[in-house]
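Structure file entry.txt (compact mmCIF, C-alpha atoms and all ligand atoms) follows.
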# COMPACT_ATOMS: atom_id res chain seq x y z
CA MET J 184 -4.55 145.59 97.99
CA THR J 185 -3.50 142.38 99.77
CA VAL J 186 -0.58 141.94 97.41
CA GLU J 187 0.62 145.47 98.11
CA LEU J 188 0.49 144.85 101.86
CA GLU J 189 2.41 141.62 101.54
CA GLU J 190 5.08 143.34 99.50
CA LYS J 191 5.55 145.89 102.25
CA LEU J 192 5.78 143.25 104.96
CA THR J 193 8.28 141.04 103.15
CA PRO J 194 11.53 142.96 102.55
CA LEU J 195 13.18 142.33 99.23
CA PRO J 196 16.49 140.57 99.79
CA TYR J 197 19.68 142.50 99.14
CA ARG J 198 21.74 140.64 96.60
CA VAL J 199 25.38 140.34 97.65
CA ALA J 200 28.12 138.86 95.44
CA PHE J 201 30.97 137.21 97.33
CA LEU J 202 34.46 136.93 95.85
CA PRO J 203 36.38 134.88 98.46
CA GLY J 204 39.68 134.95 96.51
CA ASP J 205 42.86 133.32 97.78
CA GLY J 206 44.65 132.32 100.99
CA ILE J 207 42.74 133.50 104.06
CA GLY J 208 40.25 135.27 101.74
CA PRO J 209 37.74 132.37 101.76
CA GLU J 210 38.18 131.99 105.54
CA VAL J 211 37.41 135.63 106.39
CA THR J 212 34.63 135.63 103.76
CA ASN J 213 32.98 132.72 105.58
CA GLU J 214 33.07 134.79 108.77
CA ALA J 215 31.47 137.71 106.95
CA LEU J 216 28.72 135.41 105.69
CA ARG J 217 28.19 134.02 109.17
CA LEU J 218 27.70 137.55 110.50
CA LEU J 219 25.38 138.52 107.65
CA ARG J 220 23.17 135.50 108.30
CA ALA J 221 23.05 136.28 112.03
CA ILE J 222 21.98 139.85 111.29
CA ALA J 223 19.26 138.65 108.93
CA ARG J 224 17.95 136.46 111.75
CA LEU J 225 17.92 139.42 114.17
CA ASP J 226 16.55 142.13 111.90
CA PRO J 227 13.22 141.51 110.19
CA ALA J 228 13.92 144.44 107.85
CA LEU J 229 16.91 142.69 106.33
CA SER J 230 17.35 139.63 104.19
CA PHE J 231 20.14 138.66 101.84
CA GLU J 232 20.52 136.55 98.75
CA THR J 233 24.17 135.67 98.27
CA GLU J 234 26.16 134.13 95.47
CA SER J 235 29.82 133.21 95.50
CA PHE J 236 32.17 133.48 92.52
CA PRO J 237 35.41 131.44 92.40
CA TRP J 238 37.52 134.14 90.71
CA ASN J 239 40.95 133.57 92.19
CA ALA J 240 44.40 132.19 91.36
CA ASP J 241 43.08 128.68 90.62
CA TYR J 242 40.55 130.21 88.24
CA PHE J 243 43.37 132.15 86.55
CA LEU J 244 45.51 129.05 86.11
CA GLU J 245 42.59 127.23 84.48
CA ASN J 246 41.22 130.08 82.37
CA GLY J 247 44.10 132.50 81.85
CA THR J 248 42.13 135.36 83.38
CA MET J 249 41.01 136.35 86.89
CA MET J 250 37.36 136.67 85.90
CA PRO J 251 35.23 135.89 82.86
CA SER J 252 34.90 138.51 80.15
CA ASP J 253 31.31 139.21 81.26
CA GLY J 254 32.31 139.31 84.96
CA LEU J 255 31.43 142.97 85.42
CA GLN J 256 28.05 142.48 83.75
CA THR J 257 27.36 139.61 86.17
CA LEU J 258 28.37 141.66 89.22
CA ARG J 259 26.38 144.67 88.09
CA GLU J 260 23.14 142.88 88.99
CA PHE J 261 24.09 142.85 92.69
CA ASP J 262 23.47 145.46 95.39
CA ALA J 263 26.94 145.00 96.86
CA ILE J 264 30.13 143.00 96.42
CA PHE J 265 32.22 141.49 99.19
CA LEU J 266 35.84 140.60 98.44
CA GLY J 267 37.98 138.38 100.70
CA ALA J 268 41.60 138.74 99.55
CA VAL J 269 43.56 138.26 96.37
CA GLY J 270 47.16 137.02 96.17
CA ASP J 271 48.90 133.76 95.34
CA LYS J 272 52.53 133.24 94.47
CA ARG J 273 51.57 131.29 91.31
CA VAL J 274 50.09 134.46 89.75
CA PRO J 275 52.03 137.74 89.58
CA ASP J 276 50.35 140.21 91.96
CA HIS J 277 50.20 142.97 89.38
CA ILE J 278 48.20 140.73 87.03
CA ALA J 279 45.81 139.41 89.70
CA LEU J 280 45.15 142.89 91.11
CA ARG J 281 44.75 144.57 87.74
CA GLN J 282 42.41 141.90 86.33
CA LEU J 283 40.16 141.65 89.36
CA ILE J 284 40.31 144.38 92.02
CA PHE J 285 41.30 147.31 89.79
CA ALA J 286 38.95 146.12 87.04
CA ILE J 287 36.04 146.26 89.49
CA ARG J 288 37.08 149.54 91.16
CA GLN J 289 37.57 151.29 87.84
CA GLY J 290 34.81 149.54 85.90
CA PHE J 291 32.23 150.40 88.57
CA ASP J 292 33.53 153.92 89.13
CA GLN J 293 34.19 153.17 92.79
CA TYR J 294 36.14 156.37 93.09
CA VAL J 295 36.13 156.58 96.88
CA ASN J 296 38.10 154.11 98.95
CA LEU J 297 36.94 154.70 102.49
CA ARG J 298 39.30 153.34 105.14
CA PRO J 299 38.62 153.99 108.80
CA VAL J 300 41.72 154.14 111.00
CA ARG J 301 40.35 153.91 114.48
CA LEU J 302 41.82 152.35 117.59
CA LEU J 303 38.98 150.23 118.96
CA ARG J 304 38.48 149.89 122.69
CA GLY J 305 40.38 146.78 123.74
CA ALA J 306 42.84 146.93 120.81
CA ILE J 307 46.49 147.77 121.39
CA THR J 308 48.40 150.45 119.52
CA PRO J 309 52.20 150.33 119.29
CA LEU J 310 52.26 154.09 120.01
CA ALA J 311 53.12 154.83 123.62
CA GLY J 312 50.75 157.18 125.40
CA LYS J 313 48.06 157.22 122.68
CA SER J 314 44.52 155.99 123.18
CA THR J 315 41.21 155.54 121.37
CA VAL J 316 40.53 159.29 121.37
CA ASP J 317 43.86 160.00 119.66
CA ILE J 318 43.63 157.44 116.87
CA ASP J 319 40.30 158.05 115.17
CA MET J 320 40.34 159.17 111.56
CA VAL J 321 38.99 158.13 108.20
CA PHE J 322 40.91 158.06 104.93
CA VAL J 323 39.20 159.01 101.69
CA ARG J 324 41.54 157.53 99.10
CA GLU J 325 41.12 158.32 95.41
CA ASN J 326 40.39 154.94 93.89
CA SER J 327 39.86 155.29 90.16
CA GLU J 328 42.85 157.07 88.63
CA GLY J 329 46.06 158.68 89.92
CA GLU J 330 49.20 156.59 90.12
CA TYR J 331 47.26 153.31 89.76
CA CYS J 332 45.55 154.07 86.46
CA GLY J 333 47.65 151.40 84.78
CA ILE J 334 49.06 153.45 81.91
CA GLY J 335 52.68 152.99 80.93
CA SER J 336 55.07 150.75 79.13
CA ILE J 337 58.40 148.98 79.35
CA GLN J 338 60.84 149.91 76.58
CA SER J 339 63.56 147.48 75.51
CA PRO J 340 62.53 144.77 77.98
CA GLY J 341 65.42 142.77 79.37
CA LEU J 342 68.07 144.87 77.67
CA ALA J 343 70.68 147.02 79.35
CA ASP J 344 68.88 150.20 78.34
CA GLU J 345 65.49 148.98 79.60
CA VAL J 346 63.18 151.80 80.68
CA ALA J 347 59.82 151.58 82.46
CA LEU J 348 57.32 154.41 82.16
CA GLN J 349 54.36 154.69 84.54
CA THR J 350 51.94 157.52 84.00
CA SER J 351 49.79 159.13 86.69
CA VAL J 352 46.46 160.54 85.64
CA PHE J 353 44.94 163.30 87.77
CA SER J 354 41.86 164.72 86.06
CA ARG J 355 40.11 167.80 87.42
CA LYS J 356 36.87 165.80 87.52
CA GLY J 357 38.57 162.92 89.36
CA VAL J 358 40.29 165.10 91.97
CA GLU J 359 37.29 167.37 92.50
CA ARG J 360 34.83 164.58 93.15
CA VAL J 361 36.96 162.75 95.71
CA MET J 362 37.93 166.00 97.40
CA ARG J 363 34.26 167.06 97.55
CA TYR J 364 33.31 163.72 99.11
CA ALA J 365 35.95 164.30 101.80
CA PHE J 366 34.93 167.92 102.48
CA GLU J 367 31.27 166.89 102.78
CA LEU J 368 32.22 164.14 105.22
CA ALA J 369 34.36 166.53 107.27
CA ARG J 370 31.50 169.02 107.36
CA ILE J 371 28.85 166.45 108.38
CA GLU J 372 31.07 164.90 111.05
CA ASN J 373 32.60 168.21 112.12
CA ARG J 374 36.12 166.88 111.81
CA PRO J 375 39.30 168.55 110.59
CA LEU J 376 40.40 167.64 107.07
CA GLN J 377 43.92 166.91 105.81
CA SER J 378 44.76 166.89 102.13
CA ILE J 379 47.86 164.83 101.35
CA SER J 380 50.08 165.89 98.50
CA LYS J 381 53.60 166.23 97.22
CA GLY J 382 53.10 169.45 95.31
CA ASN J 383 56.70 170.55 95.91
CA ALA J 384 58.12 167.67 93.85
CA LEU J 385 55.25 166.48 91.64
CA ASN J 386 55.12 169.66 89.63
CA PHE J 387 52.09 168.73 87.52
CA THR J 388 49.83 166.27 89.34
CA GLY J 389 50.68 167.60 92.81
CA VAL J 390 50.15 171.18 91.72
CA LEU J 391 46.69 170.43 90.27
CA TRP J 392 45.74 168.49 93.42
CA ASP J 393 46.79 171.44 95.63
CA ARG J 394 45.01 174.00 93.45
CA ILE J 395 41.75 172.06 93.64
CA PHE J 396 42.23 171.73 97.40
CA GLU J 397 42.50 175.55 97.65
CA GLU J 398 39.32 175.94 95.60
CA MET J 399 37.48 173.53 97.91
CA CYS J 400 38.66 175.49 100.95
CA GLN J 401 36.92 178.57 99.49
CA GLU J 402 33.76 176.55 98.96
CA TYR J 403 33.81 175.00 102.46
CA PRO J 404 35.05 177.83 104.71
CA ASP J 405 33.54 176.12 107.76
CA VAL J 406 35.79 173.03 107.35
CA ARG J 407 39.12 173.28 109.18
CA ALA J 408 41.34 172.07 106.36
CA GLU J 409 45.11 171.82 105.97
CA ASN J 410 47.45 170.65 103.26
CA LEU J 411 50.22 168.24 104.31
CA LEU J 412 53.09 166.88 102.27
CA VAL J 413 52.95 163.10 102.27
CA ASP J 414 56.30 162.79 104.04
CA ALA J 415 55.22 165.19 106.77
CA ALA J 416 51.91 163.32 107.06
CA ALA J 417 53.79 160.04 107.72
CA PHE J 418 55.74 161.78 110.47
CA HIS J 419 52.68 163.37 112.10
CA LEU J 420 50.60 160.18 111.90
CA VAL J 421 53.08 158.62 114.30
CA ARG J 422 53.82 161.69 116.43
CA ASN J 423 50.39 163.38 116.53
CA PRO J 424 47.69 161.03 115.24
CA GLU J 425 45.11 163.14 117.11
CA ARG J 426 45.66 165.86 114.52
CA PHE J 427 43.91 163.81 111.79
CA GLY J 428 40.19 163.67 111.01
CA VAL J 429 39.17 163.13 107.39
CA VAL J 430 42.26 162.49 105.28
CA VAL J 431 41.98 162.80 101.51
CA ALA J 432 44.80 161.35 99.45
CA SER J 433 45.64 160.04 96.01
CA ASN J 434 45.58 156.33 95.20
CA LEU J 435 49.25 155.66 96.00
CA PHE J 436 49.65 157.96 99.00
CA GLY J 437 46.37 156.70 100.47
CA ASP J 438 47.46 153.10 100.00
CA ILE J 439 50.74 153.60 101.83
CA LEU J 440 49.46 155.82 104.65
CA THR J 441 46.54 153.52 105.43
CA ASP J 442 48.93 150.61 106.03
CA LEU J 443 50.72 152.87 108.50
CA GLY J 444 47.29 153.70 109.89
CA ALA J 445 46.44 149.99 110.22
CA ALA J 446 49.63 149.51 112.24
CA LEU J 447 48.62 152.38 114.55
CA ALA J 448 45.17 150.86 115.02
CA GLY J 449 46.46 147.45 116.10
CA GLY J 450 47.38 145.63 112.89
CA LEU J 451 46.10 144.54 109.50
CA GLY J 452 43.47 142.36 111.15
CA PHE J 453 41.59 145.57 112.08
CA ALA J 454 41.67 147.38 108.73
CA ALA J 455 38.32 147.42 106.88
CA SER J 456 37.54 149.26 103.69
CA ALA J 457 34.79 150.21 101.29
CA ASN J 458 35.20 150.92 97.58
CA LEU J 459 32.28 153.23 97.00
CA CYS J 460 30.48 154.28 93.86
CA PRO J 461 28.85 157.34 95.48
CA THR J 462 26.43 157.88 92.57
CA LYS J 463 25.12 154.34 93.19
CA GLU J 464 25.09 153.73 89.45
CA PHE J 465 27.11 150.57 90.13
CA PRO J 466 27.47 148.33 93.18
CA SER J 467 30.10 149.21 95.77
CA MET J 468 32.65 146.68 97.02
CA PHE J 469 33.66 145.96 100.61
CA GLU J 470 36.83 144.21 101.73
CA PRO J 471 39.33 143.77 104.50
CA VAL J 472 42.52 145.68 103.62
CA HIS J 473 44.84 142.76 104.37
CA GLY J 474 46.07 140.37 101.72
CA SER J 475 45.83 136.60 101.40
CA ALA J 476 48.32 135.98 104.27
CA PRO J 477 49.64 132.66 102.87
CA ASP J 478 51.71 132.15 106.04
CA ILE J 479 48.56 131.48 108.10
CA ALA J 480 46.11 130.33 105.41
CA GLY J 481 44.22 127.08 105.91
CA GLN J 482 44.55 127.06 109.70
CA GLY J 483 41.30 128.83 110.57
CA ILE J 484 43.14 131.39 112.70
CA ALA J 485 42.87 134.59 110.60
CA ASN J 486 41.60 137.56 112.55
CA PRO J 487 38.10 138.14 111.14
CA ILE J 488 37.62 141.66 112.60
CA ALA J 489 38.46 143.57 109.41
CA SER J 490 36.08 141.38 107.49
CA LEU J 491 33.26 141.77 110.03
CA TRP J 492 33.77 145.54 110.09
CA ALA J 493 33.64 145.56 106.27
CA VAL J 494 30.21 143.89 106.55
CA GLY J 495 29.24 146.79 108.84
CA MET J 496 30.43 149.29 106.23
CA MET J 497 28.37 147.47 103.63
CA LEU J 498 25.24 147.66 105.77
CA ALA J 499 25.87 151.36 106.41
CA GLU J 500 26.11 151.97 102.67
CA LEU J 501 22.90 149.99 102.09
CA GLY J 502 21.19 152.38 104.52
CA TYR J 503 21.64 150.71 107.92
CA PRO J 504 24.39 152.70 109.71
CA ASN J 505 23.11 151.49 113.09
CA TRP J 506 24.25 148.02 112.19
CA GLU J 507 27.79 149.22 111.54
CA GLU J 508 27.78 150.94 114.93
CA GLN J 509 26.48 147.81 116.60
CA ILE J 510 29.04 145.55 114.90
CA VAL J 511 31.93 147.83 115.87
CA SER J 512 30.76 148.08 119.45
CA ALA J 513 30.29 144.26 119.59
CA ILE J 514 33.88 143.83 118.37
CA GLU J 515 35.01 146.27 121.08
CA GLN J 516 33.16 144.30 123.76
CA VAL J 517 34.82 141.08 122.65
CA LEU J 518 38.25 142.73 122.59
CA GLN J 519 37.74 144.26 126.03
CA ILE J 520 36.65 140.99 127.61
CA GLY J 521 39.74 139.51 125.98
CA SER J 522 39.02 135.82 126.44
CA VAL J 523 38.48 135.19 122.72
CA ARG J 524 41.43 136.35 120.62
CA THR J 525 43.03 135.03 117.46
CA PRO J 526 46.82 134.38 117.57
CA ASP J 527 47.72 137.74 115.97
CA LEU J 528 46.12 139.33 119.07
CA GLY J 529 48.02 137.06 121.45
CA GLY J 530 45.31 134.42 121.88
CA THR J 531 44.65 130.89 120.68
CA SER J 532 41.09 131.24 119.35
CA LYS J 533 39.93 130.29 115.89
CA SER J 534 38.41 132.85 113.50
CA THR J 535 35.00 131.25 113.93
CA GLU J 536 35.12 131.55 117.70
CA MET J 537 35.83 135.25 117.40
CA THR J 538 32.93 135.77 115.00
CA GLU J 539 30.60 133.79 117.26
CA ALA J 540 31.67 135.93 120.22
CA VAL J 541 30.86 139.09 118.24
CA ILE J 542 27.51 137.68 117.09
CA SER J 543 26.56 136.71 120.63
CA THR J 544 26.67 140.35 121.76
CA LEU J 545 24.40 141.62 118.94
CA VAL J 546 20.81 142.45 119.72
CA ALA J 547 17.72 142.84 117.54
CA PRO J 548 17.19 146.46 116.46
CA ASN J 549 14.17 147.08 118.71
CA ASN J 550 16.19 146.12 121.74
CA ALA J 551 19.27 148.03 120.67
CA ARG J 552 18.29 151.24 122.38
CA GLU J 553 16.77 149.75 125.54
P1 LIG K 601 49.53 139.23 99.86
O1 LIG K 601 50.62 138.85 98.92
O2 LIG K 601 48.23 138.60 99.52
O3 LIG K 601 49.41 140.71 100.08
P2 LIG K 601 51.03 139.15 102.32
O4 LIG K 601 51.30 138.06 103.33
O5 LIG K 601 52.17 139.74 101.60
O6 LIG K 601 49.94 138.59 101.29
P3 LIG K 601 49.14 140.26 104.03
O7 LIG K 601 48.24 139.17 103.66
O8 LIG K 601 48.56 141.59 104.15
O9 LIG K 601 50.32 140.35 103.03
O10 LIG K 601 49.83 139.85 105.40
C1 LIG K 601 50.92 140.53 106.03
C2 LIG K 601 51.14 139.89 107.39
O11 LIG K 601 50.01 140.16 108.23
C3 LIG K 601 51.26 138.37 107.34
O12 LIG K 601 52.22 137.94 108.30
C4 LIG K 601 49.90 137.87 107.72
O13 LIG K 601 49.89 136.62 108.36
C5 LIG K 601 49.39 138.97 108.66
N1 LIG K 601 47.93 139.11 108.52
C6 LIG K 601 47.27 139.71 107.51
N2 LIG K 601 45.95 139.64 107.69
C7 LIG K 601 45.76 138.97 108.83
C8 LIG K 601 44.59 138.57 109.54
N3 LIG K 601 43.35 138.83 109.11
N4 LIG K 601 44.76 137.87 110.69
C9 LIG K 601 45.99 137.61 111.15
N5 LIG K 601 47.14 137.95 110.53
C10 LIG K 601 47.02 138.63 109.38

Serialized structure, structure tokens:
Amino acid sequence: MTVELEEKLTPLPYRVAFLPGDGIGPEVTNEALRLLRAIARLDPALSFETESFPWNADYFLENGTMMPSDGLQTLREFDAIFLGAVGDKRVPDHIALRQLIFAIRQGFDQYVNLRPVRLLRGAITPLAGKSTVDIDMVFVRENSEGEYCGIGSIQSPGLADEVALQTSVFSRKGVERVMRYAFELARIENRPLQSISKGNALNFTGVLWDRIFEEMCQEYPDVRAENLLVDAAAFHLVRNPERFGVVVASNLFGDILTDLGAALAGGLGFAASANLCPTKEFPSMFEPVHGSAPDIAGQGIANPIASLWAVGMMLAELGYPNWEEQIVSAIEQVLQIGSVRTPDLGGTSKSTEMTEAVISTLVAPNNARE
């Protein structure tokens, strides 16, 4: 009886694996950890056990691989994974990405890459005349197959008749499940949905994508859904960002359009993302969208906002959406006051100062609604 009671009073810690990576990755990961510890101090319902894994370019140069052969088995034991950034000129990007990020996304069936594109209060968009109400959408990017499935070959390498073949894989199962995730989200949040395609030129994969979109429209008649060609979507994102709500796109199109989205929302320092395994069979992975930014690495000046927001997305996925809301509104408060800003936002503050400013506006959950 006593034991049972004690178990209820002491929350089991969530186990989070940290992969700091390269460049500014370890710096923004430290800021994420700082925030996580602050939240554990504020919220008696939450505690975390964290472990860091040094799987980066240095590891590759020593071991010839980005992670050990049992890396996925190791990560599987965790409730969530947090990734800083991967990229180092000593290791070709396509090898580093394939052996670490894609291996985790595909190995853990993280088929949804959720990327909010939202202009926060206090952030500045390069679009004239557009405000926070206009730039507020979420991308649901297919994350497990499509153009990034990694199938292909190079024939006659180095010769004059060299040919590279890159295959896209669009399975009915793969398209249906990501599309369904997006339609459900649009329904729950009562937002319009845009499906991004290139069905006029991609006469196999695009056609299947569009056909499944039409089927979903029949199944979700209450969702205001439209199909946009990827080129038209790029145009409208700049001209009419207010048109977009939940945007579902393939791996490649989602990758490109969300960088455009990050620019609309104030820069790469604001772009957070979640690689979700919606069945929860495997852990999900959370990361800032930006890369290792070697030009500013080691100076302690990386904008930590994307990383802090990614922590919020992780807490939402673990069942604490109020914490994501609170983190985002704390970031907005800091941006609106404006006295603490990293150099990319026109200030002189260090990453740590920005995180501390965000933490200082957080309140314990019981006080949150007072
Ligand atoms: P990688 O090869 O790892 O992708 P990259 O420099 O090509 O690195 P990003 O890391 O995404 O690509 O950086 C693009 C630009 O944005 C760089 O000038 C970088 O300094 C800047 N940048 C990216 N992330 C941040 C951040 N968190 N804070 C400030 N500036 C950033």

Rank nothing, just name the residue among J:Asn549, J:Ser351, J:Thr233, J:Asn486 nearest to ligand LIG 601 (chain K), using only C-alpha atoms and all ligand atoms.
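Checking each of J:Asn549, J:Ser351, J:Thr233, J:Asn486 against ligand LIG 601 (chain K), counting only C-alpha atoms and all ligand atoms, the winner is J:Asn486.
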
List as a tab-separated table every residue of chain J that is in contact with ligand LIG 601 (chain K), defined as an atom at most 7 Å from one of its atoms (using all atoms listed in the file), together with the nearest atom pair and the distance in Å rounded to one decimal, sorted by chain and then rising number.
residue	atom	partner	partner_atom	distance
J:Ala268	CA	K:LIG601	O2	6.6
J:Val269	CA	K:LIG601	O2	5.6
J:Gly270	CA	K:LIG601	O2	3.9
J:Asp271	CA	K:LIG601	O2	6.4
J:Leu451	CA	K:LIG601	N2	5.2
J:Gly452	CA	K:LIG601	N3	4.1
J:His473	CA	K:LIG601	O8	3.9
J:Gly474	CA	K:LIG601	O7	3.1
J:Ser475	CA	K:LIG601	O2	3.6
J:Ala476	CA	K:LIG601	O7	3.2
J:Pro477	CA	K:LIG601	O4	5.7
J:Asp478	CA	K:LIG601	O13	5.4
J:Ile479	CA	K:LIG601	O13	5.3
J:Ile484	CA	K:LIG601	N4	7.0
J:Ala485	CA	K:LIG601	N4	3.8
J:Asn486	CA	K:LIG601	N4	3.7
J:Pro487	CA	K:LIG601	N3	5.7
J:Ala489	CA	K:LIG601	N3	6.8
J:Asp527	CA	K:LIG601	C9	5.1

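Relative to atom CA of Leu501 of chain J, atom CA of Tyr331 of chain J is found at 27.5 Å.
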
Measuring between all atoms listed in the file, which one of J:Ala221, J:Ile488, J:Asn326, J:Glu464 shows the shortest distance to Arg524 of chain J?
J:Ile488

So, counting all atoms listed in the file, which residue among J:Asn505, J:Thr441, J:Ser378, J:Asn383 is closest to Asn410 of chain J?
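Once distances to Asn410 of chain J are computed over all atoms listed in the file, the minimum belongs to J:Ser378.
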
By how many Å are atom CA of Glu515 of chain J and atom CA of Gly444 of chain J apart?
18.2 Å

Can you list, as a compact mmCIF listing (two decimals) with C-alpha atoms, in the frame of the given file, every protein, DNA or RNA residue that comes within 9 Å of Ala432 of chain J when you count all atoms listed in the file, leaving out same-chain residues fewer than 6 positions away?
# COMPACT_ATOMS: atom_id res chain seq x y z
CA PHE J 322 40.91 158.06 104.93
CA VAL J 323 39.20 159.01 101.69
CA ARG J 324 41.54 157.53 99.10
CA GLU J 325 41.12 158.32 95.41
CA VAL J 361 36.96 162.75 95.71
CA MET J 362 37.93 166.00 97.40
CA GLN J 377 43.92 166.91 105.81
CA SER J 378 44.76 166.89 102.13
CA ILE J 379 47.86 164.83 101.35
CA SER J 380 50.08 165.89 98.50
CA VAL J 413 52.95 163.10 102.27
CA ASP J 438 47.46 153.10 100.00
CA LEU J 440 49.46 155.82 104.65

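Residues surrounding Gly247 of chain J within 12 Å are Trp238, Asn239, Ala240, Asp241, Tyr242, Phe243, Pro251, Ser252, Val274, Ile278, Ala279 and Gln282 of chain J [all atoms listed in the file; sequence separation below 4 positions excluded].
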
Nearest to Asp262 of chain J by atom-to-atom distance, counting all atoms listed in the file, from J:Gly502, J:Pro299, J:Gly521, J:Pro424:
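Nearest candidate to Asp262 of chain J out of J:Gly502, J:Pro299, J:Gly521, J:Pro424: J:Gly502.
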
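In this comparison, which uses all atoms listed in the file, the residue of J:Glu345, J:Glu470, J:Glu425, J:Glu539 approaching Leu310 of chain J most closely is J:Glu425.
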
Using all atoms listed in the file, which residues sit within 9 Å of segment 284-295 of chain J once same-chain residues fewer than 6 positions away are excluded, as an MDAnalysis selection string?
chainID J and resid 255 258:259 266 269 323:328 331:332 357 360:361 364 457:462 464:468

Point-to-point distance in Å for atom CA of Val472 of chain J and atom CA of Gln256 of chain J:
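Here the two named atoms are 24.8 Å from each other.
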
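In terms of minimum interatomic distance to Ile395 of chain J, J:Val358 ranks closest within J:Leu518, J:Ala347, J:Ile542, J:Val358, counting all atoms listed in the file.
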
Determine, counting all atoms listed in the file, which protein, DNA and RNA residues have an atom within 12 Å of an atom of Pro504 of chain J; residues of the same chain fewer than 5 positions away are not included. Present the result as a PyMOL selection string.
chain J and resi 492+494-499+509-511+548

Find the residues near Glu397 of chain J: any atom within 12 Å, counting all atoms listed in the file, skip ones fewer than 2 places away on the same chain, and give them as an MDAnalysis selection string.
chainID J and resid 359 362:363 366 377:378 390:395 399:404 408:410

Work out where the centre of an axis-aligned box around every listed atom of segment 263-268 of chain J lies and how long its edges are once 5 Å is added on each side; give both in Å to one decimal as AutoDock Vina command-line options.
--center_x 34.3 --center_y 141.7 --center_z 98.6 --size_x 24.7 --size_y 16.6 --size_z 14.3

Missing atoms of segment 250-262 of chain J rebuilt to N, CA, C and O atoms, written as an mmCIF file, in the coordinates of the input:
data_model
loop_
_atom_site.group_PDB
_atom_site.id
_atom_site.type_symbol
_atom_site.label_atom_id
_atom_site.label_comp_id
_atom_site.auth_asym_id
_atom_site.auth_seq_id
_atom_site.Cartn_x
_atom_site.Cartn_y
_atom_site.Cartn_z
ATOM 1 N N MET J 250 38.824 136.805 85.920
ATOM 2 C CA MET J 250 37.360 136.670 85.900
ATOM 3 C C MET J 250 36.887 136.563 84.463
ATOM 4 O O MET J 250 37.602 136.986 83.541
ATOM 5 N N PRO J 251 35.698 136.031 84.245
ATOM 6 C CA PRO J 251 35.230 135.890 82.860
ATOM 7 C C PRO J 251 35.046 137.236 82.198
ATOM 8 O O PRO J 251 34.937 138.264 82.875
ATOM 9 N N SER J 252 34.983 137.232 80.861
ATOM 10 C CA SER J 252 34.900 138.510 80.150
ATOM 11 C C SER J 252 33.603 139.260 80.474
ATOM 12 O O SER J 252 33.547 140.478 80.382
ATOM 13 N N ASP J 253 32.552 138.525 80.887
ATOM 14 C CA ASP J 253 31.310 139.210 81.260
ATOM 15 C C ASP J 253 31.181 139.341 82.788
ATOM 16 O O ASP J 253 30.079 139.530 83.322
ATOM 17 N N GLY J 254 32.328 139.256 83.486
ATOM 18 C CA GLY J 254 32.310 139.310 84.960
ATOM 19 C C GLY J 254 31.660 140.572 85.498
ATOM 20 O O GLY J 254 30.840 140.523 86.430
ATOM 21 N N LEU J 255 32.003 141.716 84.920
ATOM 22 C CA LEU J 255 31.430 142.970 85.420
ATOM 23 C C LEU J 255 29.926 143.014 85.174
ATOM 24 O O LEU J 255 29.169 143.478 86.034
ATOM 25 N N GLN J 256 29.502 142.514 84.025
ATOM 26 C CA GLN J 256 28.050 142.480 83.750
ATOM 27 C C GLN J 256 27.340 141.629 84.790
ATOM 28 O O GLN J 256 26.266 141.972 85.257
ATOM 29 N N THR J 257 27.959 140.493 85.150
ATOM 30 C CA THR J 257 27.360 139.610 86.170
ATOM 31 C C THR J 257 27.262 140.350 87.499
ATOM 32 O O THR J 257 26.217 140.357 88.153
ATOM 33 N N LEU J 258 28.354 141.000 87.900
ATOM 34 C CA LEU J 258 28.370 141.660 89.220
ATOM 35 C C LEU J 258 27.433 142.860 89.267
ATOM 36 O O LEU J 258 26.938 143.233 90.325
ATOM 37 N N ARG J 259 27.207 143.465 88.132
ATOM 38 C CA ARG J 259 26.380 144.670 88.090
ATOM 39 C C ARG J 259 24.974 144.444 88.625
ATOM 40 O O ARG J 259 24.301 145.365 89.096
ATOM 41 N N GLU J 260 24.507 143.195 88.550
ATOM 42 C CA GLU J 260 23.140 142.880 88.990
ATOM 43 C C GLU J 260 23.017 142.867 90.515
ATOM 44 O O GLU J 260 21.921 142.745 91.041
ATOM 45 N N PHE J 261 24.131 142.969 91.226
ATOM 46 C CA PHE J 261 24.090 142.850 92.690
ATOM 47 C C PHE J 261 24.013 144.217 93.357
ATOM 48 O O PHE J 261 24.376 145.239 92.763
ATOM 49 N N ASP J 262 23.537 144.205 94.624
ATOM 50 C CA ASP J 262 23.470 145.460 95.390
ATOM 51 C C ASP J 262 24.825 145.795 96.004
ATOM 52 O O ASP J 262 25.104 146.964 96.292
#
